[in-house]
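The structure under discussion appears below in the form of structure tokens.
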Amino acid sequence: MRVTEQASNYTDLDKMSVRDLLTNMNREDKNVPLAVEKCIPEIERLVEGVVERMKKGGRLFYLGAGTSGRLGILDASEIPPTYGAPADWIVGLIAGGDTAIRNAVEAAEDDVEGGWNDMKPYNLTVNDVVVGIAASGSTPYVIGAVKKARQEGLLTACITCNPDSPVAKEVDIPIVAVVGPEFVTGSTRMKAGTAQKLILNMISTSTMIRMGRVKGNKMVDMQLTNAKLVDRGTKMIMDETKIEDYEYAKSLLLTHGSVRKAVDAYFAEQK
């Protein structure tokens, strides 16, 4: 039996107090970072491969079904506002299309050709990278896509939580975070989903840093989509330039549209 399908280490959940439920879930969650830590060498290989190809115009594709697909879409959708990167640098696709983001689409994940068909409109090249996300490691939508992508010469990887899974056998870089049985038996939106989220954070964040989208420790290309981010950007400019006038720093930001451009423009004027 797959690890993700094994019976929970806890019984009679329906008889537990709320405190016991929360305490035991938290106890299980503590195992997740340790499982992810063991995957760092594989994650490193993937990030290096993504950065190498992205510098040549390549893109990163996430594919998954259910929770796994939603996590990929979440990670991809946060890259443009956070790092000011083009929306097509990282693309998230889910079995069943956009409808499946909020509602289950019957049998979509069982379509072995579905993942590759969903990627076709993007005119894939050998500089693109495909990461299949599947807690079970047996999702046909994901397996079919990474297998075809690998045959076409694309770099492929997977994020799964079962050892020796079918998807791991079809990719160049298998990332396998074995987090153990779920608190609620088979509910991979829990520990498996948390592990996937952590790994996706590591992949995209490291990639954006290596692509020059962070200066020091700051998101200097973030989109100014609300007052909080304008305030944050203004303070970044003040810190970088030593400007003490908040309103002046804010005007620089709003004029130039990003922290990076505002700082560059300010120092150019000082020469």
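Naming scheme: A, B, ... for chains in displayed order of the structure tokens; residues 1 onward per chain; ligands 1 onward as shown.
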Would you write out, as a Markdown table, a table of all residues in segment 127-166 of chain A that have an atom no more than 12 Å from an atom of segment 189-201 of chain A, listing for each the closest atom pair and the distance in Å to one decimal, considering only C-alpha atoms and ordering rows by chain and rising residue number?
| residue | atom | partner | partner_atom | distance |
| --- | --- | --- | --- | --- |
| A:Val131 | CA | A:Leu200 | CA | 9.9 |
| A:Gly132 | CA | A:Gln196 | CA | 11.0 |
| A:Ile133 | CA | A:Gln196 | CA | 7.7 |
| A:Ala134 | CA | A:Gln196 | CA | 8.9 |
| A:Ala135 | CA | A:Ala192 | CA | 6.1 |
| A:Ser136 | CA | A:Ala192 | CA | 9.0 |
| A:Gly137 | CA | A:Ala192 | CA | 11.3 |
| A:Ala157 | CA | A:Leu200 | CA | 12.0 |
| A:Cys158 | CA | A:Gln196 | CA | 10.2 |
| A:Ile159 | CA | A:Gln196 | CA | 6.7 |
| A:Thr160 | CA | A:Gln196 | CA | 7.7 |
| A:Cys161 | CA | A:Ala192 | CA | 6.2 |
| A:Asn162 | CA | A:Ala192 | CA | 9.5 |
Output for the residues just chosen: C-alpha atoms as a compact mmCIF listing (two decimals), in the first residue's frame:
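Full text of part_3.txt as output:
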# COMPACT_ATOMS: atom_id res chain seq x y z
CA VAL A 131 7.21 19.56 -12.96
CA GLY A 132 4.47 17.04 -12.27
CA ILE A 133 2.89 17.35 -8.82
CA ALA A 134 1.17 14.24 -7.50
CA ALA A 135 1.08 13.22 -3.85
CA SER A 136 0.23 9.64 -4.78
CA GLY A 137 2.67 9.58 -7.67
CA ALA A 157 10.75 16.59 -12.42
CA CYS A 158 8.05 15.50 -10.03
CA ILE A 159 6.98 16.28 -6.49
CA THR A 160 5.46 13.25 -4.80
CA CYS A 161 5.11 11.75 -1.34
CA ASN A 162 5.37 8.05 -2.12
Write out as a Markdown table the residues of segment 157-233 of chain A that have any atom within 12 Å of an atom of segment 88-99 of chain A, one row each with the nearest atom pair and its distance in Å to one decimal, counting only C-alpha atoms, sorted by chain and then rising number.
| residue | atom | partner | partner_atom | distance |
| --- | --- | --- | --- | --- |
| A:Leu200 | CA | A:Ile90 | CA | 11.2 |
| A:Ile203 | CA | A:Ile90 | CA | 10.6 |
| A:Ser204 | CA | A:Ile90 | CA | 8.2 |
| A:Thr205 | CA | A:Ile90 | CA | 11.3 |
| A:Thr207 | CA | A:Ile90 | CA | 10.1 |
| A:Met208 | CA | A:Trp89 | CA | 9.8 |
| A:Met211 | CA | A:Trp89 | CA | 10.8 |
Would you write out those residues with C-alpha atoms, as a PDB file, in the first residue's frame?
ATOM      1  CA  LEU A 200       7.127  24.852  -4.559  1.00  0.00           C
ATOM      2  CA  ILE A 203      11.696  26.197  -6.293  1.00  0.00           C
ATOM      3  CA  SER A 204      10.066  29.466  -7.348  1.00  0.00           C
ATOM      4  CA  THR A 205      11.704  31.702  -4.756  1.00  0.00           C
ATOM      5  CA  THR A 207      14.609  30.676  -9.161  1.00  0.00           C
ATOM      6  CA  MET A 208      13.467  34.289  -8.892  1.00  0.00           C
ATOM      7  CA  MET A 211      17.078  35.401 -12.026  1.00  0.00           C
TER       8      MET A 211
END
Backbone DSSP call of alpha helix (DSSP H) for segment 10-73 of chain A, listed as a CSV table (one decimal) with C-alpha atoms, in the first residue's frame:
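This is the output file out-v1.csv:
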chain,number,residue,atom,x,y,z
A,18,VAL,CA,-10.8,20.0,19.7
A,19,ARG,CA,-7.5,20.5,21.6
A,20,ASP,CA,-6.5,16.9,21.0
A,21,LEU,CA,-7.3,17.2,17.3
A,22,LEU,CA,-5.2,20.4,17.0
A,23,THR,CA,-2.3,19.0,19.1
A,24,ASN,CA,-2.1,15.8,17.1
A,25,MET,CA,-2.3,17.5,13.7
A,26,ASN,CA,0.4,19.8,14.8
A,27,ARG,CA,2.5,16.9,16.0
A,28,GLU,CA,2.2,15.3,12.6
A,29,ASP,CA,2.9,18.5,10.7
A,31,ASN,CA,7.5,15.8,10.4
A,32,VAL,CA,7.0,17.7,7.1
A,33,PRO,CA,10.0,20.0,7.1
A,34,LEU,CA,12.3,17.1,8.0
A,35,ALA,CA,11.0,15.1,5.0
A,36,VAL,CA,11.5,18.2,2.7
A,37,GLU,CA,15.0,18.7,4.0
A,40,ILE,CA,17.2,19.5,-1.0
A,41,PRO,CA,19.8,17.9,-3.3
A,42,GLU,CA,17.1,17.1,-5.9
A,43,ILE,CA,15.4,20.5,-5.5
A,44,GLU,CA,18.8,22.1,-6.0
A,45,ARG,CA,19.3,20.2,-9.3
A,46,LEU,CA,15.9,21.3,-10.4
A,47,VAL,CA,16.4,25.0,-9.6
A,48,GLU,CA,19.8,25.0,-11.4
A,49,GLY,CA,18.2,23.4,-14.4
A,50,VAL,CA,15.2,25.9,-14.4
A,51,VAL,CA,17.5,28.9,-14.1
A,52,GLU,CA,19.8,27.7,-16.9
A,53,ARG,CA,16.9,27.3,-19.2
A,54,MET,CA,14.9,30.4,-18.1
A,66,GLY,CA,-6.9,18.3,-7.3
A,67,THR,CA,-4.9,19.8,-4.4
A,68,SER,CA,-1.6,19.3,-6.2
A,69,GLY,CA,-2.8,21.2,-9.2
A,70,ARG,CA,-4.2,24.0,-7.1
A,71,LEU,CA,-0.9,24.4,-5.2
A,72,GLY,CA,0.9,24.7,-8.5
A,73,ILE,CA,-1.4,27.3,-9.7
Please measure the separation of atom CA of Ala249 of chain A and atom CA of Arg210 of chain A, giving the value in Å to one decimal.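 Here the two named atoms are 27.4 Å from each other.
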Apply DSSP to the structure's backbone, then extract all residues of segment 50-103 of chain A labelled strand (DSSP E or B) and return them as a short mmCIF file (atom, residue, chain, number, x, y, z; two decimals) with N, CA and C atoms, in the first residue's frame.
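Printed below is part.cif as written:
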data_model
loop_
_atom_site.label_atom_id
_atom_site.label_comp_id
_atom_site.auth_asym_id
_atom_site.auth_seq_id
_atom_site.Cartn_x
_atom_site.Cartn_y
_atom_site.Cartn_z
N LEU A 60 8.77 27.50 -16.77
CA LEU A 60 8.55 26.41 -15.82
C LEU A 60 7.06 26.11 -15.77
N PHE A 61 6.71 24.86 -16.02
CA PHE A 61 5.32 24.43 -15.99
C PHE A 61 5.09 23.49 -14.79
N TYR A 62 4.03 23.78 -14.04
CA TYR A 62 3.56 22.88 -13.00
C TYR A 62 2.30 22.19 -13.50
N LEU A 63 2.20 20.87 -13.31
CA LEU A 63 0.98 20.15 -13.65
C LEU A 63 0.54 19.29 -12.48
N GLY A 64 -0.76 19.31 -12.19
CA GLY A 64 -1.28 18.48 -11.13
C GLY A 64 -2.78 18.35 -11.21
N ILE A 90 6.39 31.20 -15.11
CA ILE A 90 5.95 30.01 -14.39
C ILE A 90 4.45 29.85 -14.62
N VAL A 91 4.06 28.69 -15.14
CA VAL A 91 2.67 28.44 -15.53
C VAL A 91 2.14 27.24 -14.76
N GLY A 92 0.98 27.39 -14.13
CA GLY A 92 0.35 26.30 -13.43
C GLY A 92 -0.85 25.77 -14.20
N LEU A 93 -0.91 24.45 -14.38
CA LEU A 93 -2.02 23.81 -15.08
C LEU A 93 -2.64 22.74 -14.20
N ILE A 94 -3.96 22.61 -14.27
CA ILE A 94 -4.66 21.65 -13.43
C ILE A 94 -5.58 20.79 -14.29
#
So, with only C-alpha atoms as the atoms that count, which of A:Leu155, A:Ala268, A:Met202, A:Ala262 lies closest to Gly233 of chain A? A:Ala262
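Proximity ranking of A:Ile209, A:Ala76, A:Val179, A:Ala65 relative to Asp111 of chain A places A:Ala65 first, based on only C-alpha atoms.
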Residues near Val126 of chain A, cut-off 10 Å, only C-alpha atoms, skip fewer than 6 positions along chain, as number ranges by chain: A: 53, 58-59, 149-150, 152-155
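Residue nearest Thr185 of chain A, chosen from A:Lys15, A:Glu78, A:Arg2, A:Ala145 and counting only C-alpha atoms: A:Arg2.
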Residues near Glu113 of chain A, anyone? I mean within 10 Å using only C-alpha atoms, not counting same-chain ones fewer than 6 positions away, as an NGL selection string. :A and (140-145 or 148)
Same residues, C-alpha atoms, output as a compact mmCIF listing (two decimals), in the first residue's frame:
# COMPACT_ATOMS: atom_id res chain seq x y z
CA PRO A 140 -2.38 9.57 -15.15
CA TYR A 141 -2.80 13.25 -16.12
CA VAL A 142 0.61 13.99 -14.61
CA ILE A 143 2.41 10.81 -15.61
CA GLY A 144 1.41 11.12 -19.26
CA ALA A 145 2.54 14.74 -19.40
CA LYS A 148 5.86 12.91 -23.17
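Nearest to Gln151 of chain A of all the residues A:Met16, A:Ala87, A:Phe183, A:Val171 is A:Val171, counting only C-alpha atoms.
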Rounded to one decimal, what separation in Å do you get between atom CA of Tyr248 of chain A and atom CA of Tyr266 of chain A? 10.9 Å
Kindly indicate which residue among A:Gly216, A:Gly257, A:Pro181, A:Gly186 lies nearest to Val230 of chain A, using only C-alpha atoms for the distances. A:Gly257
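Atom pair atom CA of Phe267 of chain A / atom CA of Lys228 of chain A: separated by 24.8 Å.
Among A:Ala85, A:Leu253, A:Met1, A:Leu74, the residue with the shortest atom-to-atom distance to Ser165 of chain A, counting only C-alpha atoms, is A:Met1.
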